file input09.cif (mmCIF, N, CA and C atoms)
data_model
#
loop_
_atom_site.label_atom_id
_atom_site.label_comp_id
_atom_site.auth_asym_id
_atom_site.auth_seq_id
_atom_site.Cartn_x
_atom_site.Cartn_y
_atom_site.Cartn_z
N MET A 207 37.35 141.81 -135.21
CA MET A 207 38.64 142.21 -135.75
C MET A 207 38.53 142.57 -137.24
N TYR A 208 37.68 141.82 -137.95
CA TYR A 208 37.51 142.06 -139.39
C TYR A 208 37.02 143.49 -139.64
N LYS A 209 36.07 143.94 -138.85
CA LYS A 209 35.54 145.31 -139.04
C LYS A 209 36.61 146.37 -138.79
N PHE A 210 37.46 146.13 -137.81
CA PHE A 210 38.56 147.06 -137.55
C PHE A 210 39.52 147.12 -138.74
N ILE A 211 39.82 145.96 -139.32
CA ILE A 211 40.71 145.92 -140.48
C ILE A 211 40.07 146.63 -141.67
N VAL A 212 38.78 146.43 -141.87
CA VAL A 212 38.06 147.13 -142.94
C VAL A 212 38.15 148.64 -142.71
N PHE A 213 37.93 149.07 -141.46
CA PHE A 213 38.02 150.49 -141.13
C PHE A 213 39.42 151.04 -141.43
N ALA A 214 40.45 150.32 -141.01
CA ALA A 214 41.83 150.75 -141.27
C ALA A 214 42.10 150.80 -142.77
N HIS A 215 41.56 149.86 -143.51
CA HIS A 215 41.75 149.82 -144.96
C HIS A 215 41.07 151.01 -145.63
N VAL A 216 39.84 151.30 -145.25
CA VAL A 216 39.11 152.43 -145.83
C VAL A 216 39.77 153.75 -145.45
N LEU A 217 40.16 153.89 -144.19
CA LEU A 217 40.82 155.12 -143.74
C LEU A 217 42.14 155.33 -144.49
N SER A 218 42.91 154.27 -144.66
CA SER A 218 44.17 154.41 -145.38
C SER A 218 43.94 154.70 -146.87
N ALA A 219 42.83 154.20 -147.43
CA ALA A 219 42.49 154.53 -148.81
C ALA A 219 42.17 156.02 -148.93
N ILE A 220 41.45 156.55 -147.97
CA ILE A 220 41.13 157.98 -147.95
C ILE A 220 42.41 158.80 -147.83
N LEU A 221 43.30 158.39 -146.94
CA LEU A 221 44.57 159.11 -146.76
C LEU A 221 45.52 158.94 -147.95
N SER A 222 45.28 157.92 -148.75
CA SER A 222 46.11 157.71 -149.94
C SER A 222 45.72 158.61 -151.09
N ILE A 223 44.48 159.08 -151.10
CA ILE A 223 44.03 159.91 -152.21
C ILE A 223 43.70 161.34 -151.78
N GLY A 224 43.22 161.50 -150.57
CA GLY A 224 42.76 162.81 -150.10
C GLY A 224 43.76 163.94 -150.18
N PRO A 225 45.00 163.74 -149.74
CA PRO A 225 45.96 164.85 -149.78
C PRO A 225 46.20 165.42 -151.18
N PHE A 226 45.97 164.63 -152.20
CA PHE A 226 46.22 165.12 -153.56
C PHE A 226 45.24 166.22 -153.96
N PHE A 227 44.02 166.20 -153.42
CA PHE A 227 43.06 167.24 -153.76
C PHE A 227 43.42 168.58 -153.12
N VAL A 228 44.15 168.54 -152.03
CA VAL A 228 44.63 169.76 -151.38
C VAL A 228 45.74 170.40 -152.21
N LEU A 229 46.42 169.60 -153.01
CA LEU A 229 47.56 170.11 -153.76
C LEU A 229 47.17 171.02 -154.92
N PHE A 230 45.95 170.92 -155.43
CA PHE A 230 45.56 171.77 -156.56
C PHE A 230 45.61 173.26 -156.22
N PRO A 231 45.00 173.71 -155.10
CA PRO A 231 45.14 175.12 -154.76
C PRO A 231 46.60 175.52 -154.49
N LEU A 232 47.35 174.60 -153.92
CA LEU A 232 48.77 174.86 -153.65
C LEU A 232 49.53 175.07 -154.97
N LEU A 233 49.23 174.25 -155.96
CA LEU A 233 49.88 174.41 -157.27
C LEU A 233 49.54 175.76 -157.89
N ASN A 234 48.30 176.20 -157.73
CA ASN A 234 47.91 177.52 -158.25
C ASN A 234 48.69 178.64 -157.57
N ARG A 235 48.89 178.52 -156.27
CA ARG A 235 49.61 179.55 -155.52
C ARG A 235 51.10 179.55 -155.82
N MET A 236 51.63 178.40 -156.20
CA MET A 236 53.07 178.30 -156.44
C MET A 236 53.52 179.21 -157.58
N LYS A 237 52.68 179.45 -158.54
CA LYS A 237 53.05 180.28 -159.69
C LYS A 237 53.30 181.73 -159.30
N LEU A 238 52.70 182.15 -158.21
CA LEU A 238 52.70 183.57 -157.86
C LEU A 238 53.63 183.93 -156.71
N GLN A 239 54.44 183.01 -156.26
CA GLN A 239 55.20 183.24 -155.03
C GLN A 239 56.68 183.51 -155.29
N ASN A 240 57.31 184.16 -154.29
CA ASN A 240 58.76 184.32 -154.35
C ASN A 240 59.43 183.01 -153.93
N ARG A 241 60.73 182.97 -154.01
CA ARG A 241 61.46 181.71 -153.78
C ARG A 241 61.28 181.16 -152.37
N GLU A 242 61.26 182.01 -151.36
CA GLU A 242 61.11 181.53 -149.98
C GLU A 242 59.76 180.87 -149.76
N VAL A 243 58.71 181.53 -150.22
CA VAL A 243 57.36 180.98 -150.06
C VAL A 243 57.21 179.74 -150.92
N LEU A 244 57.80 179.77 -152.10
CA LEU A 244 57.75 178.63 -153.01
C LEU A 244 58.40 177.40 -152.37
N ASP A 245 59.53 177.60 -151.70
CA ASP A 245 60.19 176.48 -151.02
C ASP A 245 59.30 175.88 -149.94
N SER A 246 58.56 176.72 -149.21
CA SER A 246 57.66 176.19 -148.19
C SER A 246 56.50 175.43 -148.84
N HIS A 247 56.02 175.92 -149.98
CA HIS A 247 54.97 175.19 -150.71
C HIS A 247 55.47 173.83 -151.18
N LEU A 248 56.70 173.79 -151.64
CA LEU A 248 57.27 172.51 -152.08
C LEU A 248 57.43 171.55 -150.91
N GLU A 249 57.74 172.08 -149.73
CA GLU A 249 57.83 171.23 -148.53
C GLU A 249 56.46 170.64 -148.18
N VAL A 250 55.42 171.47 -148.28
CA VAL A 250 54.06 170.99 -148.02
C VAL A 250 53.69 169.91 -149.05
N PHE A 251 54.05 170.15 -150.29
CA PHE A 251 53.79 169.19 -151.36
C PHE A 251 54.46 167.85 -151.04
N GLN A 252 55.72 167.90 -150.66
CA GLN A 252 56.45 166.68 -150.34
C GLN A 252 55.91 166.00 -149.08
N ALA A 253 55.42 166.79 -148.12
CA ALA A 253 54.82 166.21 -146.92
C ALA A 253 53.54 165.45 -147.28
N ALA A 254 52.76 166.00 -148.20
CA ALA A 254 51.56 165.31 -148.65
C ALA A 254 51.92 163.98 -149.32
N ILE A 255 52.98 163.97 -150.08
CA ILE A 255 53.43 162.74 -150.73
C ILE A 255 53.85 161.71 -149.67
N ARG A 256 54.53 162.17 -148.62
CA ARG A 256 54.93 161.25 -147.54
C ARG A 256 53.72 160.65 -146.83
N ILE A 257 52.69 161.47 -146.60
CA ILE A 257 51.46 160.96 -145.98
C ILE A 257 50.86 159.87 -146.85
N VAL A 258 50.82 160.13 -148.15
CA VAL A 258 50.26 159.17 -149.09
C VAL A 258 51.06 157.87 -149.08
N LYS A 259 52.37 157.98 -149.04
CA LYS A 259 53.22 156.77 -149.01
C LYS A 259 52.95 155.94 -147.76
N HIS A 260 52.91 156.59 -146.60
CA HIS A 260 52.70 155.85 -145.36
C HIS A 260 51.29 155.26 -145.30
N ALA A 261 50.31 156.00 -145.79
CA ALA A 261 48.96 155.46 -145.85
C ALA A 261 48.91 154.26 -146.79
N GLY A 262 49.70 154.31 -147.83
CA GLY A 262 49.78 153.18 -148.76
C GLY A 262 50.32 151.93 -148.09
N HIS A 263 51.26 152.10 -147.16
CA HIS A 263 51.77 150.94 -146.43
C HIS A 263 50.66 150.29 -145.61
N VAL A 264 49.87 151.11 -144.92
CA VAL A 264 48.75 150.59 -144.14
C VAL A 264 47.72 149.95 -145.07
N LEU A 265 47.50 150.56 -146.20
CA LEU A 265 46.54 150.05 -147.19
C LEU A 265 46.93 148.64 -147.65
N VAL A 266 48.19 148.45 -147.95
CA VAL A 266 48.67 147.14 -148.42
C VAL A 266 48.55 146.09 -147.32
N VAL A 267 49.02 146.42 -146.13
CA VAL A 267 48.97 145.45 -145.02
C VAL A 267 47.53 145.10 -144.68
N SER A 268 46.68 146.10 -144.56
CA SER A 268 45.27 145.82 -144.23
C SER A 268 44.59 145.06 -145.37
N GLY A 269 44.97 145.35 -146.62
CA GLY A 269 44.41 144.61 -147.75
C GLY A 269 44.80 143.14 -147.71
N ILE A 270 46.04 142.86 -147.38
CA ILE A 270 46.50 141.47 -147.26
C ILE A 270 45.73 140.77 -146.13
N LEU A 271 45.57 141.46 -145.01
CA LEU A 271 44.81 140.87 -143.89
C LEU A 271 43.35 140.62 -144.27
N LEU A 272 42.77 141.54 -145.03
CA LEU A 272 41.38 141.35 -145.48
C LEU A 272 41.27 140.17 -146.44
N MET A 273 42.26 140.02 -147.31
CA MET A 273 42.26 138.87 -148.22
C MET A 273 42.31 137.57 -147.42
N TRP A 274 43.14 137.55 -146.41
CA TRP A 274 43.30 136.37 -145.59
C TRP A 274 42.03 136.09 -144.78
N GLN A 275 41.48 137.14 -144.15
CA GLN A 275 40.29 136.99 -143.32
C GLN A 275 39.03 136.71 -144.15
N GLY A 276 38.97 137.29 -145.35
CA GLY A 276 37.77 137.18 -146.18
C GLY A 276 37.76 135.97 -147.09
N ASN A 277 38.84 135.20 -147.08
CA ASN A 277 38.94 134.00 -147.91
C ASN A 277 38.80 134.28 -149.40
N TRP A 278 39.29 135.44 -149.83
CA TRP A 278 39.31 135.73 -151.27
C TRP A 278 40.52 135.03 -151.88
N PRO A 279 40.33 134.33 -152.99
CA PRO A 279 41.52 133.72 -153.62
C PRO A 279 42.37 134.78 -154.33
N TRP A 280 43.68 134.62 -154.27
CA TRP A 280 44.59 135.58 -154.90
C TRP A 280 44.47 135.56 -156.42
N SER A 281 43.87 134.53 -156.98
CA SER A 281 43.73 134.41 -158.43
C SER A 281 42.48 135.11 -158.97
N THR A 282 41.69 135.72 -158.10
CA THR A 282 40.49 136.45 -158.54
C THR A 282 40.91 137.63 -159.40
N SER A 283 40.17 137.85 -160.49
CA SER A 283 40.57 138.87 -161.47
C SER A 283 40.68 140.27 -160.86
N TRP A 284 39.74 140.65 -160.00
CA TRP A 284 39.80 142.00 -159.43
C TRP A 284 40.98 142.15 -158.47
N VAL A 285 41.38 141.06 -157.82
CA VAL A 285 42.53 141.11 -156.93
C VAL A 285 43.80 141.30 -157.76
N ILE A 286 43.93 140.52 -158.81
CA ILE A 286 45.11 140.63 -159.67
C ILE A 286 45.20 142.02 -160.28
N MET A 287 44.09 142.54 -160.79
CA MET A 287 44.10 143.87 -161.41
C MET A 287 44.39 144.96 -160.38
N THR A 288 43.90 144.80 -159.16
CA THR A 288 44.21 145.76 -158.10
C THR A 288 45.71 145.77 -157.82
N ILE A 289 46.31 144.60 -157.78
CA ILE A 289 47.75 144.51 -157.52
C ILE A 289 48.53 145.13 -158.68
N VAL A 290 48.10 144.88 -159.91
CA VAL A 290 48.78 145.46 -161.08
C VAL A 290 48.72 146.98 -161.03
N VAL A 291 47.54 147.52 -160.75
CA VAL A 291 47.40 148.98 -160.67
C VAL A 291 48.17 149.54 -159.48
N MET A 292 48.18 148.80 -158.37
CA MET A 292 48.92 149.25 -157.19
C MET A 292 50.42 149.34 -157.48
N VAL A 293 50.96 148.31 -158.09
CA VAL A 293 52.39 148.33 -158.44
C VAL A 293 52.67 149.48 -159.40
N SER A 294 51.78 149.68 -160.37
CA SER A 294 51.94 150.80 -161.31
C SER A 294 51.93 152.14 -160.58
N SER A 295 51.04 152.27 -159.61
CA SER A 295 50.95 153.54 -158.87
C SER A 295 52.19 153.76 -158.01
N ILE A 296 52.77 152.69 -157.48
CA ILE A 296 54.00 152.82 -156.67
C ILE A 296 55.15 153.30 -157.55
N VAL A 297 55.28 152.69 -158.72
CA VAL A 297 56.33 153.09 -159.66
C VAL A 297 56.10 154.53 -160.10
N PHE A 298 54.85 154.86 -160.40
CA PHE A 298 54.51 156.22 -160.83
C PHE A 298 54.83 157.23 -159.73
N LEU A 299 54.44 156.93 -158.50
CA LEU A 299 54.68 157.84 -157.38
C LEU A 299 56.17 158.10 -157.19
N ALA A 300 56.97 157.06 -157.37
CA ALA A 300 58.42 157.21 -157.19
C ALA A 300 59.04 158.08 -158.28
N ARG A 301 58.45 158.10 -159.46
CA ARG A 301 59.05 158.81 -160.59
C ARG A 301 58.40 160.14 -160.92
N ALA A 302 57.25 160.42 -160.36
CA ALA A 302 56.48 161.58 -160.82
C ALA A 302 56.77 162.88 -160.06
N PHE A 303 57.05 162.83 -158.80
CA PHE A 303 57.09 164.05 -158.00
C PHE A 303 58.50 164.46 -157.59
N LYS A 304 59.14 163.63 -156.79
CA LYS A 304 60.45 164.01 -156.25
C LYS A 304 61.48 164.32 -157.33
N PRO A 305 61.58 163.53 -158.41
CA PRO A 305 62.56 163.87 -159.45
C PRO A 305 62.29 165.23 -160.11
N ASN A 306 61.02 165.58 -160.30
CA ASN A 306 60.70 166.88 -160.89
C ASN A 306 61.02 168.03 -159.95
N ILE A 307 60.75 167.84 -158.68
CA ILE A 307 61.10 168.87 -157.70
C ILE A 307 62.61 169.03 -157.64
N ARG A 308 63.32 167.92 -157.70
CA ARG A 308 64.79 167.97 -157.70
C ARG A 308 65.30 168.72 -158.95
N LEU A 309 64.70 168.45 -160.10
CA LEU A 309 65.11 169.17 -161.33
C LEU A 309 64.89 170.67 -161.18
N PHE A 310 63.79 171.05 -160.55
CA PHE A 310 63.51 172.47 -160.33
C PHE A 310 64.54 173.08 -159.37
N ARG A 311 64.81 172.40 -158.30
CA ARG A 311 65.78 172.92 -157.32
C ARG A 311 67.19 173.00 -157.90
N ASP A 312 67.50 172.12 -158.85
CA ASP A 312 68.79 172.17 -159.54
C ASP A 312 68.78 173.15 -160.71
N GLU A 313 67.66 173.86 -160.86
CA GLU A 313 67.46 174.87 -161.91
C GLU A 313 67.58 174.30 -163.32
N LYS A 314 67.12 173.05 -163.49
CA LYS A 314 67.11 172.44 -164.81
C LYS A 314 65.76 172.60 -165.50
N ILE A 315 64.73 172.90 -164.72
CA ILE A 315 63.43 173.26 -165.29
C ILE A 315 62.93 174.51 -164.58
N ASP A 316 62.08 175.27 -165.26
CA ASP A 316 61.56 176.50 -164.65
C ASP A 316 60.28 176.21 -163.85
N LEU A 317 59.80 177.23 -163.17
CA LEU A 317 58.64 177.08 -162.29
C LEU A 317 57.40 176.66 -163.06
N ASN A 318 57.14 177.29 -164.20
CA ASN A 318 55.93 176.93 -164.95
C ASN A 318 55.96 175.48 -165.40
N THR A 319 57.11 175.02 -165.84
CA THR A 319 57.25 173.62 -166.25
C THR A 319 57.02 172.70 -165.05
N LEU A 320 57.56 173.06 -163.90
CA LEU A 320 57.36 172.27 -162.70
C LEU A 320 55.88 172.16 -162.36
N VAL A 321 55.19 173.29 -162.34
CA VAL A 321 53.78 173.29 -161.98
C VAL A 321 52.97 172.45 -162.96
N VAL A 322 53.24 172.57 -164.24
CA VAL A 322 52.53 171.77 -165.25
C VAL A 322 52.78 170.28 -165.02
N LYS A 323 54.04 169.91 -164.80
CA LYS A 323 54.37 168.50 -164.58
C LYS A 323 53.74 167.97 -163.30
N LEU A 324 53.79 168.74 -162.23
CA LEU A 324 53.20 168.29 -160.97
C LEU A 324 51.68 168.17 -161.08
N ARG A 325 51.03 169.12 -161.73
CA ARG A 325 49.57 169.07 -161.89
C ARG A 325 49.17 167.83 -162.71
N ARG A 326 49.89 167.58 -163.79
CA ARG A 326 49.61 166.41 -164.62
C ARG A 326 49.83 165.13 -163.82
N SER A 327 50.89 165.08 -163.06
CA SER A 327 51.18 163.90 -162.25
C SER A 327 50.13 163.67 -161.16
N VAL A 328 49.65 164.75 -160.55
CA VAL A 328 48.61 164.62 -159.53
C VAL A 328 47.35 164.02 -160.15
N TRP A 329 46.94 164.52 -161.30
CA TRP A 329 45.75 163.99 -161.98
C TRP A 329 45.93 162.52 -162.36
N LEU A 330 47.09 162.18 -162.91
CA LEU A 330 47.34 160.79 -163.30
C LEU A 330 47.34 159.86 -162.09
N TYR A 331 47.93 160.31 -160.99
CA TYR A 331 47.95 159.49 -159.79
C TYR A 331 46.54 159.31 -159.22
N ILE A 332 45.76 160.37 -159.22
CA ILE A 332 44.36 160.26 -158.77
C ILE A 332 43.61 159.27 -159.64
N LEU A 333 43.83 159.32 -160.95
CA LEU A 333 43.18 158.38 -161.86
C LEU A 333 43.58 156.94 -161.53
N LEU A 334 44.86 156.70 -161.30
CA LEU A 334 45.31 155.36 -160.93
C LEU A 334 44.65 154.88 -159.63
N LEU A 335 44.57 155.77 -158.66
CA LEU A 335 43.96 155.38 -157.39
C LEU A 335 42.46 155.15 -157.53
N LEU A 336 41.80 155.92 -158.38
CA LEU A 336 40.37 155.71 -158.59
C LEU A 336 40.11 154.38 -159.30
N ILE A 337 40.98 154.03 -160.24
CA ILE A 337 40.85 152.72 -160.90
C ILE A 337 41.02 151.60 -159.87
N MET A 338 42.03 151.74 -159.02
CA MET A 338 42.27 150.74 -157.98
C MET A 338 41.07 150.68 -157.02
N LEU A 339 40.54 151.82 -156.66
CA LEU A 339 39.37 151.87 -155.78
C LEU A 339 38.18 151.18 -156.42
N TRP A 340 37.99 151.39 -157.73
CA TRP A 340 36.88 150.75 -158.43
C TRP A 340 37.02 149.23 -158.38
N PHE A 341 38.23 148.72 -158.62
CA PHE A 341 38.43 147.27 -158.54
C PHE A 341 38.08 146.74 -157.17
N MET A 342 38.47 147.46 -156.12
CA MET A 342 38.22 146.97 -154.76
C MET A 342 36.75 147.05 -154.38
N VAL A 343 36.04 148.05 -154.88
CA VAL A 343 34.64 148.22 -154.50
C VAL A 343 33.72 147.38 -155.39
N ALA A 344 33.90 147.46 -156.71
CA ALA A 344 33.02 146.76 -157.65
C ALA A 344 33.34 145.27 -157.74
N LYS A 345 34.58 144.90 -157.50
CA LYS A 345 35.03 143.51 -157.56
C LYS A 345 34.56 142.82 -158.85
N PRO A 346 34.92 143.41 -160.00
CA PRO A 346 34.44 142.82 -161.27
C PRO A 346 35.09 141.48 -161.55
N ASN A 347 34.34 140.59 -162.16
CA ASN A 347 34.85 139.30 -162.58
C ASN A 347 35.26 139.45 -164.05
N LEU A 348 36.53 139.69 -164.31
CA LEU A 348 37.00 139.99 -165.66
C LEU A 348 37.35 138.73 -166.45
N TRP A 349 37.64 137.65 -165.77
CA TRP A 349 37.93 136.39 -166.46
C TRP A 349 37.56 135.20 -165.59
#
call {"tool": "encode", "arguments": {"input": "input09.cif", "output": "structure tokens"}}
result
Amino acid sequence: MYKFIVFAHVLSAILSIGPFFVLFPLLNRMKLQNREVLDSHLEVFQAAIRIVKHAGHVLVVSGILLMWQGNWPWSTSWVIMTIVVMVSSIVFLARAFKPNIRLFRDEKIDLNTLVVKLRRSVWLYILLLLIMLWFMVAKPNLW
């Protein structure tokens, strides 16, 4: 059972970060499209965010099960730092994408501003996830 949980955890980690790399070409194409095509690109963008959110749910549940099965104490420094980065990434994900897309649809920001904000947010989110991944893989003893 432990190996299955590890597999689910790794797969959900891949699904939590992978869709963001697909968004870079999409962001490049968004600058050149008419409104109808742009709306479909935004739908794809939001679908990728939904995949990431649901994969994150599996990631958290499987991580808790691995902690329980692996007898890791919750007070371990890498566990605490992973949780801190995870909570930060959840807050970031909630504030980085949907509000900016909503501002664009309400015509409060232009397309170029939207693309710049989304690209910056994608990079920052990838960085947060890579930091979290490093804590889980390297398991550093920070204190």
call {"tool": "atom_distance", "arguments": {"input": "input09.cif", "atom1": "atom C of Leu232 in chain A", "atom2": "atom N of Phe251 in chain A"}}
result
8.2 Å
call {"tool": "resolve_selection", "arguments": {"input": "input09.cif", "expression": "the PyMOL selection byres ((chain A and resi 233) around 8)", "output": "count of residues only"}}
result
15
call {"tool": "atom_distance", "arguments": {"input": "input09.cif", "atom1": "CA of Met207 in chain A", "atom2": "atom N of Gln275 in chain A"}}
result
10.2 Å
call {"tool": "atom_distance", "arguments": {"input": "input09.cif", "atom1": "CA of Asp316 in chain A", "atom2": "atom N of Ala253 in chain A"}}
result
20.1 Å
call {"tool": "axis_aligned_box", "arguments": {"input": "input09.cif", "around": "range 291-300 of chain A", "padding_each_side": "5 Å", "output": "lines of an AutoDock Vina configuration file"}}
result
center_x = 53.2
center_y = 152.8
center_z = -159.0
size_x = 21.6
size_y = 20.6
size_z = 14.6
call {"tool": "select_by_dssp", "arguments": {"input": "input09.cif", "residues": "chain A", "states": "helix (DSSP H, G or I)", "output": "MDAnalysis selection string"}}
result
chainID A and resid 208:236 241:276 283:302 304:311 317:344
call {"tool": "decode", "arguments": {"input": "input09.cif", "residues": "range 223-245 of chain A", "atoms": "N, CA, C and O atoms", "output": "PDB file, in the first residue's frame"}}
result
ATOM      1  N   ILE A 223       2.522  20.575 -11.171  1.00  0.00           N
ATOM      2  CA  ILE A 223       3.459  21.518 -11.773  1.00  0.00           C
ATOM      3  C   ILE A 223       3.461  21.442 -13.303  1.00  0.00           C
ATOM      4  O   ILE A 223       3.644  22.453 -13.968  1.00  0.00           O
ATOM      5  N   GLY A 224       3.217  20.268 -13.847  1.00  0.00           N
ATOM      6  CA  GLY A 224       3.308  20.065 -15.293  1.00  0.00           C
ATOM      7  C   GLY A 224       2.466  20.976 -16.154  1.00  0.00           C
ATOM      8  O   GLY A 224       2.970  21.548 -17.135  1.00  0.00           O
ATOM      9  N   PRO A 225       1.185  21.167 -15.832  1.00  0.00           N
ATOM     10  CA  PRO A 225       0.350  22.013 -16.689  1.00  0.00           C
ATOM     11  C   PRO A 225       0.867  23.444 -16.848  1.00  0.00           C
ATOM     12  O   PRO A 225       0.598  24.093 -17.851  1.00  0.00           O
ATOM     13  N   PHE A 226       1.627  23.921 -15.884  1.00  0.00           N
ATOM     14  CA  PHE A 226       2.119  25.298 -15.979  1.00  0.00           C
ATOM     15  C   PHE A 226       3.116  25.478 -17.115  1.00  0.00           C
ATOM     16  O   PHE A 226       3.201  26.547 -17.702  1.00  0.00           O
ATOM     17  N   PHE A 227       3.870  24.437 -17.463  1.00  0.00           N
ATOM     18  CA  PHE A 227       4.828  24.558 -18.557  1.00  0.00           C
ATOM     19  C   PHE A 227       4.126  24.633 -19.912  1.00  0.00           C
ATOM     20  O   PHE A 227       4.664  25.207 -20.852  1.00  0.00           O
ATOM     21  N   VAL A 228       2.931  24.087 -19.997  1.00  0.00           N
ATOM     22  CA  VAL A 228       2.139  24.175 -21.225  1.00  0.00           C
ATOM     23  C   VAL A 228       1.606  25.593 -21.418  1.00  0.00           C
ATOM     24  O   VAL A 228       1.327  26.018 -22.542  1.00  0.00           O
ATOM     25  N   LEU A 229       1.486  26.330 -20.332  1.00  0.00           N
ATOM     26  CA  LEU A 229       0.894  27.664 -20.411  1.00  0.00           C
ATOM     27  C   LEU A 229       1.805  28.694 -21.066  1.00  0.00           C
ATOM     28  O   LEU A 229       1.314  29.706 -21.576  1.00  0.00           O
ATOM     29  N   PHE A 230       3.110  28.477 -21.087  1.00  0.00           N
ATOM     30  CA  PHE A 230       4.016  29.467 -21.701  1.00  0.00           C
ATOM     31  C   PHE A 230       3.736  29.677 -23.189  1.00  0.00           C
ATOM     32  O   PHE A 230       3.599  30.817 -23.634  1.00  0.00           O
ATOM     33  N   PRO A 231       3.644  28.603 -24.004  1.00  0.00           N
ATOM     34  CA  PRO A 231       3.287  28.830 -25.403  1.00  0.00           C
ATOM     35  C   PRO A 231       1.896  29.452 -25.558  1.00  0.00           C
ATOM     36  O   PRO A 231       1.668  30.269 -26.452  1.00  0.00           O
ATOM     37  N   LEU A 232       0.989  29.077 -24.679  1.00  0.00           N
ATOM     38  CA  LEU A 232      -0.361  29.640 -24.720  1.00  0.00           C
ATOM     39  C   LEU A 232      -0.322  31.147 -24.447  1.00  0.00           C
ATOM     40  O   LEU A 232      -0.995  31.929 -25.129  1.00  0.00           O
ATOM     41  N   LEU A 233       0.491  31.555 -23.487  1.00  0.00           N
ATOM     42  CA  LEU A 233       0.627  32.987 -23.192  1.00  0.00           C
ATOM     43  C   LEU A 233       1.188  33.745 -24.388  1.00  0.00           C
ATOM     44  O   LEU A 233       0.768  34.868 -24.679  1.00  0.00           O
ATOM     45  N   ASN A 234       2.136  33.135 -25.094  1.00  0.00           N
ATOM     46  CA  ASN A 234       2.695  33.777 -26.294  1.00  0.00           C
ATOM     47  C   ASN A 234       1.636  33.953 -27.376  1.00  0.00           C
ATOM     48  O   ASN A 234       1.599  34.968 -28.057  1.00  0.00           O
ATOM     49  N   ARG A 235       0.779  32.953 -27.533  1.00  0.00           N
ATOM     50  CA  ARG A 235      -0.269  33.018 -28.554  1.00  0.00           C
ATOM     51  C   ARG A 235      -1.377  34.000 -28.193  1.00  0.00           C
ATOM     52  O   ARG A 235      -2.046  34.540 -29.073  1.00  0.00           O
ATOM     53  N   MET A 236      -1.580  34.212 -26.909  1.00  0.00           N
ATOM     54  CA  MET A 236      -2.668  35.087 -26.473  1.00  0.00           C
ATOM     55  C   MET A 236      -2.482  36.515 -26.980  1.00  0.00           C
ATOM     56  O   MET A 236      -3.473  37.194 -27.260  1.00  0.00           O
ATOM     57  N   LYS A 237      -1.274  36.958 -27.133  1.00  0.00           N
ATOM     58  CA  LYS A 237      -1.008  38.328 -27.570  1.00  0.00           C
ATOM     59  C   LYS A 237      -1.480  38.589 -28.996  1.00  0.00           C
ATOM     60  O   LYS A 237      -1.762  39.710 -29.359  1.00  0.00           O
ATOM     61  N   LEU A 238      -1.564  37.533 -29.772  1.00  0.00           N
ATOM     62  CA  LEU A 238      -1.808  37.687 -31.204  1.00  0.00           C
ATOM     63  C   LEU A 238      -3.215  37.322 -31.649  1.00  0.00           C
ATOM     64  O   LEU A 238      -3.486  37.278 -32.845  1.00  0.00           O
ATOM     65  N   GLN A 239      -4.103  37.069 -30.726  1.00  0.00           N
ATOM     66  CA  GLN A 239      -5.408  36.517 -31.099  1.00  0.00           C
ATOM     67  C   GLN A 239      -6.538  37.542 -30.999  1.00  0.00           C
ATOM     68  O   GLN A 239      -6.450  38.516 -30.271  1.00  0.00           O
ATOM     69  N   ASN A 240      -7.621  37.244 -31.737  1.00  0.00           N
ATOM     70  CA  ASN A 240      -8.825  38.057 -31.600  1.00  0.00           C
ATOM     71  C   ASN A 240      -9.564  37.642 -30.328  1.00  0.00           C
ATOM     72  O   ASN A 240      -9.191  36.694 -29.663  1.00  0.00           O
ATOM     73  N   ARG A 241     -10.622  38.328 -30.013  1.00  0.00           N
ATOM     74  CA  ARG A 241     -11.316  38.121 -28.736  1.00  0.00           C
ATOM     75  C   ARG A 241     -11.886  36.714 -28.586  1.00  0.00           C
ATOM     76  O   ARG A 241     -11.811  36.124 -27.513  1.00  0.00           O
ATOM     77  N   GLU A 242     -12.440  36.144 -29.648  1.00  0.00           N
ATOM     78  CA  GLU A 242     -13.026  34.803 -29.554  1.00  0.00           C
ATOM     79  C   GLU A 242     -11.969  33.752 -29.241  1.00  0.00           C
ATOM     80  O   GLU A 242     -12.153  32.908 -28.370  1.00  0.00           O
ATOM     81  N   VAL A 243     -10.866  33.810 -29.961  1.00  0.00           N
ATOM     82  CA  VAL A 243      -9.782  32.845 -29.741  1.00  0.00           C
ATOM     83  C   VAL A 243      -9.151  33.089 -28.375  1.00  0.00           C
ATOM     84  O   VAL A 243      -8.816  32.151 -27.654  1.00  0.00           O
ATOM     85  N   LEU A 244      -9.029  34.351 -28.008  1.00  0.00           N
ATOM     86  CA  LEU A 244      -8.465  34.710 -26.712  1.00  0.00           C
ATOM     87  C   LEU A 244      -9.310  34.131 -25.571  1.00  0.00           C
ATOM     88  O   LEU A 244      -8.768  33.594 -24.599  1.00  0.00           O
ATOM     89  N   ASP A 245     -10.623  34.204 -25.705  1.00  0.00           N
ATOM     90  CA  ASP A 245     -11.503  33.631 -24.678  1.00  0.00           C
ATOM     91  C   ASP A 245     -11.295  32.124 -24.543  1.00  0.00           C
ATOM     92  O   ASP A 245     -11.292  31.592 -23.434  1.00  0.00           O
TER      93      ASP A 245
END
